[in-house]
Amino acid sequence: MKAFYSRLFIFALVFLLQAGTGSAFTLSSVALGDNITIWDGIGNSAENEDGTTEPGMVNTQSWDLEGFFLNGSILSMVGGYDFKNGFGGYAPGDLFIDLTGDAQFGAIANAGTASGNTVTANSFGYEFALRFNYSTYQADIFALLPGSQTITAYYPANVGSNPWRYAGSGDADPNFLGTVAFTYQSGISDSNLDNLVTGGAHNVVSFDLEDLLMVPMDAWGEMIFHNTMQCGNDNLLGKYSPAPVPEPATLLLIGTGLIGLAGIGRKRKIRKS
């Protein structure tokens, strides 16, 4: 039954994203909100990944992916790593989102034994990928359907950081769903982030999940967020778990959403006729 509701939610999400894109918003402060970072299953078991990279990798602030934070519906991805320009010749990766609870991380199967970014028909359990465009400050949204290809981290030692990036690109991609606005802030001090992260200088990517999902927070299900860079030197995971909702209320919520979707579909058809 849980899997059924998950698939139903994904269907509603994809339909809504095809119907329109999110609107821009202004981040009024650097208040990050709640730390929703989780351990990636490798190395240090501390839930807060700030100050660590993958075992044996260079452990400096410039490589550090520090945390996912949620302030209301605003999701922020924070790192000493430069999400806009990358670092050391290694590019930033896409943000992956899992809605069904089957994201693969930690001890996951390697897609290859030689160094290099390898294309694989494996979504690693994620349903969506966001690619941030720092020229337009709009993130392209791609659906990861069965057989969708992703690109793995450069070093096999960092297999637990996979995937690095979705293999497709552009609005001509059949998996392209639309865009969502985001903000980017750089060079932020520890104190300006309420000392929730350390290291001296931080970069923050933020966007409104309600703009992405097109549904209010009380309709969200569990979500896992993932980001790494081209080499997989660090791996960042976050998890949102909603408060339990009684079954009748869940059914009513889904039913109401589907009725709304049907109405949207009829209006779109009418406008086209």
# chains A, B, ... in the order shown; residues from 1 in each chain; ligands from 1
>>> residues_around(residues="region 169-174 of chain A", least_positions_apart="6", cutoff="9 Å", atoms="only C-alpha atoms", output="list in words")
Arg131, Asp140, Phe142 and Ala143 of chain A
>>> closest_atom_pairs(of="region 157-176 of chain A", to="region 227-248 of chain A", cutoff="7 Å", atoms="only C-alpha atoms", output="JSON lines")
{"residue": "A:Asn158", "atom": "CA", "partner": "A:Gly232", "partner_atom": "CA", "distance": 5.4}
{"residue": "A:Ser161", "atom": "CA", "partner": "A:Asn235", "partner_atom": "CA", "distance": 5.1}
{"residue": "A:Trp164", "atom": "CA", "partner": "A:Thr228", "partner_atom": "CA", "distance": 5.8}
>>> write_last_selection(atoms="C-alpha atoms", output="PDB file, in the first residue's frame")
ATOM      1  CA  ASN A 158      34.161   7.059  -4.216  1.00  0.00           C
ATOM      2  CA  SER A 161      29.034   9.110  -3.731  1.00  0.00           C
ATOM      3  CA  TRP A 164      27.327  12.514  -9.903  1.00  0.00           C
TER       4      TRP A 164
END
>>> atom_distance(atom1="CA of Asp40 (chain A)", atom2="CA of Gly168 (chain A)")
25.4 Å
>>> closest_atom_pairs(of="region 68-180 of chain A", to="region 196-203 of chain A", cutoff="9 Å", atoms="only C-alpha atoms", output="tab-separated table")
residue	atom	partner	partner_atom	distance
A:Met77	CA	A:Asn203	CA	8.2
A:Val78	CA	A:Asn203	CA	5.7
A:Gly79	CA	A:Asn203	CA	5.3
A:Gly80	CA	A:His202	CA	4.6
A:Tyr81	CA	A:Asn203	CA	6.9
A:Asp82	CA	A:Asn203	CA	6.3
A:Phe83	CA	A:Asn203	CA	7.0
A:Lys84	CA	A:Asn203	CA	8.8
>>> select_by_dssp(residues="region 159-228 of chain A", states="strand (DSSP E or B)", output="compact mmCIF listing (two decimals) with N, CA and C atoms, in the first residue's frame")
# COMPACT_ATOMS: atom_id res chain seq x y z
N ARG A 165 25.95 13.01 -11.84
CA ARG A 165 25.14 13.87 -12.68
C ARG A 165 24.19 13.04 -13.55
N TYR A 166 23.05 13.62 -13.89
CA TYR A 166 22.16 13.02 -14.87
C TYR A 166 22.83 13.12 -16.23
N PHE A 176 12.92 16.11 -19.54
CA PHE A 176 12.86 17.48 -19.02
C PHE A 176 11.43 17.83 -18.61
N LEU A 177 11.27 18.36 -17.38
CA LEU A 177 9.94 18.67 -16.86
C LEU A 177 9.66 20.16 -16.73
N GLY A 178 10.69 20.97 -16.61
CA GLY A 178 10.49 22.40 -16.38
C GLY A 178 11.66 22.95 -15.58
N THR A 179 11.45 24.11 -14.96
CA THR A 179 12.50 24.74 -14.18
C THR A 179 11.96 25.24 -12.85
N VAL A 180 12.87 25.47 -11.92
CA VAL A 180 12.53 26.09 -10.64
C VAL A 180 13.61 27.13 -10.32
N ALA A 181 13.20 28.29 -9.80
CA ALA A 181 14.14 29.35 -9.47
C ALA A 181 14.94 29.00 -8.22
N THR A 183 18.47 30.57 -5.56
CA THR A 183 19.42 31.63 -5.25
C THR A 183 20.77 31.01 -4.89
N TYR A 184 21.82 31.79 -5.08
CA TYR A 184 23.16 31.33 -4.73
C TYR A 184 23.87 32.44 -3.97
N GLN A 185 24.41 32.10 -2.80
CA GLN A 185 25.17 33.04 -1.99
C GLN A 185 26.54 32.44 -1.70
N SER A 186 27.58 33.26 -1.74
CA SER A 186 28.94 32.74 -1.54
C SER A 186 29.70 33.60 -0.54
N GLY A 187 30.77 33.01 0.01
CA GLY A 187 31.63 33.73 0.94
C GLY A 187 30.96 34.08 2.26
N ILE A 188 30.03 33.27 2.72
CA ILE A 188 29.30 33.55 3.95
C ILE A 188 30.07 33.00 5.15
N HIS A 202 31.50 29.87 3.28
CA HIS A 202 30.49 28.90 2.85
C HIS A 202 29.73 29.40 1.63
N ASN A 203 29.20 28.45 0.86
CA ASN A 203 28.38 28.73 -0.30
C ASN A 203 27.03 28.07 -0.09
N VAL A 204 25.95 28.74 -0.50
CA VAL A 204 24.60 28.25 -0.21
C VAL A 204 23.73 28.32 -1.47
N VAL A 205 23.19 27.18 -1.87
CA VAL A 205 22.17 27.09 -2.92
C VAL A 205 20.84 26.88 -2.22
N SER A 206 19.83 27.71 -2.54
CA SER A 206 18.53 27.62 -1.89
C SER A 206 17.40 27.69 -2.92
N PHE A 207 16.35 26.93 -2.69
CA PHE A 207 15.16 27.04 -3.51
C PHE A 207 13.96 26.58 -2.71
N ASP A 208 12.78 26.92 -3.21
CA ASP A 208 11.54 26.63 -2.51
C ASP A 208 10.99 25.29 -2.99
N MET A 223 11.42 12.39 1.70
CA MET A 223 12.33 12.69 0.59
C MET A 223 13.77 12.55 1.04
N ILE A 224 14.61 12.06 0.13
CA ILE A 224 16.05 12.01 0.35
C ILE A 224 16.71 12.85 -0.73
N PHE A 225 17.67 13.70 -0.33
CA PHE A 225 18.39 14.58 -1.24
C PHE A 225 19.86 14.18 -1.29
N HIS A 226 20.46 14.29 -2.47
CA HIS A 226 21.85 13.85 -2.64
C HIS A 226 22.61 14.78 -3.58
N ASN A 227 23.85 15.08 -3.22
CA ASN A 227 24.71 15.88 -4.09
C ASN A 227 26.16 15.46 -3.89
N THR A 228 26.90 15.44 -4.98
CA THR A 228 28.35 15.23 -4.91
C THR A 228 28.98 16.05 -6.04
>>> select_by_dssp(residues="region 23-212 of chain A", states="alpha helix (DSSP H)", output="PyMOL selection string")
chain A and resi 209-212
>>> write_last_selection(atoms="N, CA and C atoms", output="CSV table (one decimal), in the first residue's frame")
chain,number,residue,atom,x,y,z
A,209,LEU,N,10.9,24.3,-2.1
A,209,LEU,CA,10.4,23.0,-2.4
A,209,LEU,C,8.9,23.0,-2.9
A,210,GLU,N,8.2,24.0,-2.3
A,210,GLU,CA,6.8,24.1,-2.8
A,210,GLU,C,6.7,24.6,-4.2
A,211,ASP,N,7.7,25.4,-4.7
A,211,ASP,CA,7.8,25.8,-6.1
A,211,ASP,C,8.1,24.5,-6.9
A,212,LEU,N,8.9,23.7,-6.4
A,212,LEU,CA,9.3,22.5,-7.1
A,212,LEU,C,8.2,21.4,-7.2
>>> atom_distance(atom1="CA of Leu145 (chain A)", atom2="CA of Leu70 (chain A)")
26.6 Å
>>> atom_distance(atom1="CA of Gln149 (chain A)", atom2="CA of Gly221 (chain A)")
25.0 Å
